[in-house]
Amino acid sequence: MKDLLIYGLGGFGHEVACLINHINRVKPTWNLIGYIDDGVAVGTTCKYGKVLGNCDTLNAWEKPVSVVIAIGNTKYLELVSKKITNPNVEFPNIIAPNVFYFDEEDVTMGKGNIVTFGCRFSCNIKLGDFNILNGNVSLGHDACIGNYNVMFPETRISGQTIIGDRNFFGARVFVAQCLKLGNDCRYGAGCYVLRKTKDGNLYMGNPA
């Protein structure tokens, strides 16, 4: 089993610990040794472990260790990933045991992605780095997702959709097929995205 640290002691950090435990029940993989957090005192504990240090602690880590970044803010997700410079650190993809694949061999992804319970991947899916798919997220055929995107529960991305970087999708967002979405957008819970959007904006409603 590989040593693993969760970066972030907040609520999502607790959920990621639960995800790790479920993965280990299916196949023992990860030895969760604790948390890293820049805003919580060393020694602070929760049900799933204690804080062992901050980013400086991690950058001085002397042994190989896997790190999963449990931060639901797109910009901080990118910032933290780039602050970690220790060559001993690797960023595995953490994938729930019950993720459903139409064709698992036709799904490619980079590093540091978190795919939680009940997600659904169609065929020819491309996922970049450090994306969070948080519960029952569905990606349609030929979808291409960039980096540092956060998708809340029941987000639906239709087929042949291209999504850039650092986008936040609230719960139950629907994105219609064949759209190209850029960077740094926020999509409010329950909105229906039916046409191309502009970078850096907030979208809400039906249609968004």
# chains A, B, ... in the order shown; residues from 1 in each chain; ligands from 1
call {"tool": "residues_around", "arguments": {"residues": "A:Asn167", "least_positions_apart": "6", "cutoff": "9 Å", "atoms": "only C-alpha atoms", "output": "ChimeraX atom specification"}}
result
/A:74,147-151,181-187,200
call {"tool": "select_by_dssp", "arguments": {"residues": "stretch 6-204 of chain A", "states": "helix (DSSP H, G or I)", "output": "PyMOL selection string"}}
result
chain A and resi 11-26+55-59+74-83+104-106
call {"tool": "residues_around", "arguments": {"residues": "A:Val173", "least_positions_apart": "4", "cutoff": "8 Å", "atoms": "only C-alpha atoms", "output": "list of chain:residue names"}}
result
A:Glu154, A:Thr155, A:Arg156, A:Phe169, A:Tyr187, A:Gly188, A:Ala189, A:Gly190, A:Cys191, A:Tyr192, A:Val193
call {"tool": "write_last_selection", "arguments": {"atoms": "N, CA and C atoms", "output": "CSV table (one decimal), in the first residue's frame"}}
result
chain,number,residue,atom,x,y,z
A,154,GLU,N,-24.4,15.6,-9.8
A,154,GLU,CA,-25.3,15.5,-10.9
A,154,GLU,C,-25.1,16.5,-12.0
A,155,THR,N,-23.9,17.0,-12.1
A,155,THR,CA,-23.6,17.8,-13.4
A,155,THR,C,-23.7,16.9,-14.6
A,156,ARG,N,-24.3,17.3,-15.7
A,156,ARG,CA,-24.4,16.6,-16.9
A,156,ARG,C,-23.7,17.3,-18.0
A,169,PHE,N,-18.9,24.2,-11.7
A,169,PHE,CA,-20.3,23.8,-12.1
A,169,PHE,C,-21.1,23.4,-10.8
A,187,TYR,N,-21.0,28.3,-13.1
A,187,TYR,CA,-22.4,27.9,-13.5
A,187,TYR,C,-23.2,27.6,-12.3
A,188,GLY,N,-24.2,28.4,-12.1
A,188,GLY,CA,-25.0,28.2,-10.9
A,188,GLY,C,-25.8,26.9,-10.9
A,189,ALA,N,-26.2,26.5,-9.7
A,189,ALA,CA,-26.9,25.2,-9.5
A,189,ALA,C,-28.1,25.2,-10.4
A,190,GLY,N,-28.3,24.1,-11.1
A,190,GLY,CA,-29.5,23.8,-11.8
A,190,GLY,C,-29.6,24.6,-13.2
A,191,CYS,N,-28.6,25.3,-13.6
A,191,CYS,CA,-28.7,26.0,-14.8
A,191,CYS,C,-28.6,25.1,-16.1
A,192,TYR,N,-29.1,25.5,-17.2
A,192,TYR,CA,-29.1,24.8,-18.4
A,192,TYR,C,-28.2,25.7,-19.4
A,193,VAL,N,-27.1,25.1,-19.8
A,193,VAL,CA,-26.2,25.8,-20.7
A,193,VAL,C,-26.5,25.4,-22.1
call {"tool": "atom_distance", "arguments": {"atom1": "atom CA of A:Met109", "atom2": "atom CA of A:Asn93"}}
result
8.2 Å
call {"tool": "residues_around", "arguments": {"residues": "A:Gly43", "least_positions_apart": "6", "cutoff": "10 Å", "atoms": "only C-alpha atoms", "output": "ChimeraX atom specification"}}
result
/A:34-35,49-53
call {"tool": "write_last_selection", "arguments": {"atoms": "C-alpha atoms", "output": "compact mmCIF listing (two decimals), in the first residue's frame"}}
result
# COMPACT_ATOMS: atom_id res chain seq x y z
CA GLY A 34 -2.85 12.24 7.54
CA TYR A 35 -3.65 15.71 6.25
CA GLY A 49 -6.63 11.61 10.68
CA LYS A 50 -4.63 14.61 11.85
CA VAL A 51 -2.86 17.55 10.28
CA LEU A 52 0.85 16.81 9.88
CA GLY A 53 1.91 20.18 8.48
call {"tool": "residues_around", "arguments": {"residues": "A:Leu179", "least_positions_apart": "3", "cutoff": "7 Å", "atoms": "only C-alpha atoms", "output": "ChimeraX atom specification"}}
result
/A:161-162,176,195-196
call {"tool": "write_last_selection", "arguments": {"atoms": "N, CA, C and O atoms", "output": "short mmCIF file (atom, residue, chain, number, x, y, z; two decimals), in the first residue's frame"}}
result
data_model
loop_
_atom_site.label_atom_id
_atom_site.label_comp_id
_atom_site.auth_asym_id
_atom_site.auth_seq_id
_atom_site.Cartn_x
_atom_site.Cartn_y
_atom_site.Cartn_z
N THR A 161 -18.64 17.85 -26.12
CA THR A 161 -18.45 19.13 -25.45
C THR A 161 -16.98 19.31 -25.08
O THR A 161 -16.33 18.37 -24.63
N ILE A 162 -16.47 20.53 -25.29
CA ILE A 162 -15.10 20.86 -24.93
C ILE A 162 -15.13 21.91 -23.82
O ILE A 162 -15.79 22.95 -23.96
N ALA A 176 -25.49 21.39 -22.86
CA ALA A 176 -25.97 20.76 -24.10
C ALA A 176 -24.79 20.29 -24.96
O ALA A 176 -23.64 20.69 -24.77
N ARG A 195 -25.73 27.36 -25.06
CA ARG A 195 -24.91 27.98 -26.09
C ARG A 195 -23.54 28.32 -25.52
O ARG A 195 -23.33 28.27 -24.32
N LYS A 196 -22.62 28.68 -26.40
CA LYS A 196 -21.26 29.01 -25.99
C LYS A 196 -21.26 30.14 -24.97
O LYS A 196 -22.04 31.08 -25.07
#
call {"tool": "closest_residue", "arguments": {"among": "A:Arg25, A:Lys126, A:Lys2, A:Lys198", "to": "A:Ser66", "atoms": "only C-alpha atoms"}}
result
A:Lys2
call {"tool": "select_by_dssp", "arguments": {"residues": "chain A", "states": "strand (DSSP E or B)", "output": "number ranges by chain"}}
result
A: 2-7, 30-36, 45-46, 49-53, 65-69, 89-90, 94-95, 100-101, 107-109, 114-115, 120-121, 125-127, 132-133, 138-139, 144-145, 150-151, 156-157, 162-163, 168-169, 174-175, 180-181, 186-187, 192-193, 202-203
call {"tool": "atom_distance", "arguments": {"atom1": "atom CA of A:Pro97", "atom2": "atom CA of A:Asn21"}}
result
10.6 Å
